[in-house]
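A.B. asks: Here it is: the structure, laid out below.
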Amino acid sequence: MEVLIERIIPGGFGLAHAEGRTIMVALAVPGDRLRVRVEREKGSVCFASIVEVIEASPHRIEPPCPYFGRCGGCDFQQMNYRAQLDAKIEILKDCLHRIAKIQNIPDFKINPAPSEWHYRSRAQWQYDADQKALGYYESGSRRVCDVAECAVLAPPLQTALEEVRQVMANSSLPEGARYFRAVAGDQSVAVSADVSPVSLGSGNSVMRRTIHGETYTLSADSFFQTNLELLPQLINAALGKQAGETASELYCGVGLFTFPMARRFKQVTAVEGDSDAAEFARKNLVDASLHNVCVETADVGKWINLECGGRAQQRRRFGSLPQQSSEGPERTEQIQGGVAAGALQIDFLLLDPPRTGAESLVINGILQLRPKRICYVSCDPATLARDLKKLIAGRYSLDTIAAFDMFPQTHHVETVVNLTAP
């Protein structure tokens with residue numbers, strides 16, 4: 001069928017309407033007139049692929065990557081960079097309107113990436129030992145697209161990819177390996193497989209990375225933001241002028257936001273479920289001589305509910321939680337068995353959950369803890385909107401939104417949202 005692409009929607013699909021049906025077209029550009037093939041249907045919604053570009057949008061360009069359309073890594077290479085940014089703004093607004101039910105969205109802009117290509121400092125390469133293929137999954141499948149050169153990898157990671165491919169050619173990769181993770185540091189690259197570490201000429205088991213004047217030690221298996229050039233802006237948007245007595249951070253990883261929080265607040269509690277990441281966070285804080293942070297290794301949902309349980313016990317014993325006075329927050333006695341049960345009123349809470357967003361248990365716990373201010377850092381507009389709906393229903397007001405193009409050539413967008421309690 002022939003369709004006209006109206007706009008880009010969440011998931012990166014081009015939206016069109018034809019024959020009384022909603023058509024979602026992969027790898028489309030707003031303004032394209034296309035002949036498409038329906039691949040599958042779900043009710044009145046059809047998912048389609050492009051058969052022919054009848055009339056190209058003025059925003060359509062020739063993708064420079066030879067793997068585009070087969071590799072599932074990038075889905076925006078077919079549009080110019082300005083169109084990519086506009087599409088991401090629309091994706092975010094769509095989720096805030098449709099999912100979060102926010103009618104008056106605060107004005108915001110998207111911060112473009114300084115580099116549209118060769119920006120990724122972290123990657124995961126899939127490996128098919130039978131086919132001798134190393135790269136990324138093909139779009140919509142678990143077949144490995146064999147990639148010799150990736151247009152979005154930072155140069156040190158491209159070198160590491162070539163080294164791993166050379167080891168593969170020599171049949172020397174670890175037996176049973178299914179993927180390899182790599183992360184670039186200031187002077188080295190760390191690479192690991194799902195079954196064992198990998199020794200490369202340019203690689204180490206751990207590496208150091210300096211961001212915004214802070215130095216972090218981490219491994220290839222540690223989560224860390226992938227676009228280093230935008231991180232100072234991201235941190236500034238998340239923290240702004242926040243400062244005070246107490247702060248909490250959920251899903252802290254190796255401490256990207258923990259460092260600047262520790263320099264602004266007298267007491268910080270950081271929570272991370274991954275024990276290796278939490279240990280790196282502790283080491284990084286000690287190396288930076290920051291001793292006002294307690295890093296908890298715990299499932300975030302369980303931790304926050306234990307914290308809420310301690311506060312509920314305080315209420316039963318003292319009638320209510322202590323209120324702030326003109327001299328500053330007052331402490332209550334520590335309650336046996338509670339995690340930070342004698343905690344102060346939380347001035348600021350930051351959460352940076354995985355793509356799936358925060359569990360309901362976590363959002364409910366935040367609403368019970370009632371921090372004065374919240375910053376939510378998200379890499380998925382849909383799960384962000386889902387969680388914002390609950391926080392706003394809990395009487396938090398949405399103050400500011402900032403978007404960051406951490407992932408050029410893809411539909412993904414990073415968002416920083418700040419909220420305030422009444």
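Labeling convention for the structure tokens: chains A, B, ... as they appear, residues from 1 per chain, ligands from 1 in order of appearance.
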Among region 103-207 of chain A, which residues carry a DSSP assignment of helix (DSSP H, G or I), reported as an mmCIF file with C-alpha atoms, in the first residue's frame?
C.D. replies:
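File states17.cif, as written:
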data_model
loop_
_atom_site.group_PDB
_atom_site.id
_atom_site.type_symbol
_atom_site.label_atom_id
_atom_site.label_comp_id
_atom_site.auth_asym_id
_atom_site.auth_seq_id
_atom_site.Cartn_x
_atom_site.Cartn_y
_atom_site.Cartn_z
ATOM 1 C CA PRO A 155 37.871 5.305 18.004
ATOM 2 C CA PRO A 156 39.283 3.354 21.005
ATOM 3 C CA LEU A 157 36.281 1.007 20.910
ATOM 4 C CA GLN A 158 36.588 0.571 17.141
ATOM 5 C CA THR A 159 40.169 -0.523 17.743
ATOM 6 C CA ALA A 160 38.989 -2.937 20.443
ATOM 7 C CA LEU A 161 36.332 -4.346 18.088
ATOM 8 C CA GLU A 162 39.001 -4.992 15.467
ATOM 9 C CA GLU A 163 41.190 -6.731 18.069
ATOM 10 C CA VAL A 164 38.342 -8.979 19.225
ATOM 11 C CA ARG A 165 37.571 -9.810 15.591
ATOM 12 C CA GLN A 166 41.214 -10.736 15.055
ATOM 13 C CA VAL A 167 41.100 -13.070 18.052
ATOM 14 C CA MET A 168 37.876 -14.515 16.608
ATOM 15 C CA ALA A 169 39.594 -15.113 13.248
#
A.B. asks: Neighbouring residues of Ser192 (chain A) were defined as those with any atom within 9 Å, considering only C-alpha atoms; residues of the same chain fewer than 6 positions away were excluded. Please report them as a list in words.
C.D. replies: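 Listed by chain and then number, they are Tyr179, Phe180, Arg181, Ala182, Val198, Ser199, Ser205, Ser219, Ala220 and Asp221 of chain A.
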A.B. asks: Create the file for the chosen residues now, containing C-alpha atoms and written as a tab-separated table (two decimals), in the first residue's frame.
C.D. replies:
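Wrote again-v8.tsv, looks like this:
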chain	number	residue	atom	x	y	z
A	179	TYR	CA	28.66	-11.51	23.92
A	180	PHE	CA	31.46	-9.10	24.73
A	181	ARG	CA	31.22	-5.81	26.59
A	182	ALA	CA	33.68	-2.99	26.11
A	198	VAL	CA	39.27	-10.93	27.62
A	199	SER	CA	42.92	-10.00	27.28
A	205	SER	CA	40.09	-5.62	33.36
A	219	SER	CA	34.92	-2.40	34.51
A	220	ALA	CA	33.43	-3.35	31.17
A	221	ASP	CA	30.47	-4.86	33.01
A.B. asks: Work out how far apart CA of Phe47 (chain A) and CA of Leu15 (chain A) are and give it in Å to one decimal.
C.D. replies: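 Result for CA of Phe47 (chain A) versus CA of Leu15 (chain A): 9.8 Å, one decimal.
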A.B. asks: Restricting the calculation to only C-alpha atoms, which member of A:Val295, A:Trp125, A:Gln409, A:Arg40 is positioned closest to Pro63 (chain A)?
C.D. replies: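 Using only C-alpha atoms, the shortest distance to Pro63 (chain A) belongs to A:Gln409.
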A.B. asks: Of the candidates A:Pro106, A:Pro408, A:Gly244, A:Gly185, which shows the shortest atom-to-atom distance to Thr217 (chain A), using only C-alpha atoms?
C.D. replies: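 Between A:Pro106, A:Pro408, A:Gly244, A:Gly185, the residue approaching Thr217 (chain A) most closely is A:Gly185.
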A.B. asks: I need the residue nearest Ile91 (chain A) from this list: A:Val268, A:Ala190, A:Val293, A:Ala385. Use only C-alpha atoms for the distance.
C.D. replies: A:Ala385
A.B. asks: Would you list the contacts of Arg33 (chain A) as a ChimeraX atom specification, taking every protein, DNA or RNA residue within 6 Å and counting only C-alpha atoms, but skipping same-chain residues closer than 4 positions in sequence?
C.D. replies: /A:3-4,54-55
A.B. asks: Filtering to N, CA and C atoms, could you give me those residues as a compact mmCIF listing (two decimals), in the first residue's frame?
C.D. replies:
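out35.txt was written with the following content:
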# COMPACT_ATOMS: atom_id res chain seq x y z
N VAL A 3 1.60 5.06 1.45
CA VAL A 3 1.34 5.84 2.67
C VAL A 3 2.17 7.11 2.66
N LEU A 4 1.71 8.09 3.44
CA LEU A 4 2.46 9.32 3.68
C LEU A 4 2.81 9.37 5.17
N ILE A 54 8.68 6.40 -2.80
CA ILE A 54 8.08 7.03 -3.97
C ILE A 54 8.51 8.48 -4.07
N GLU A 55 8.42 9.18 -2.97
CA GLU A 55 8.84 10.58 -2.91
C GLU A 55 9.53 10.80 -1.57
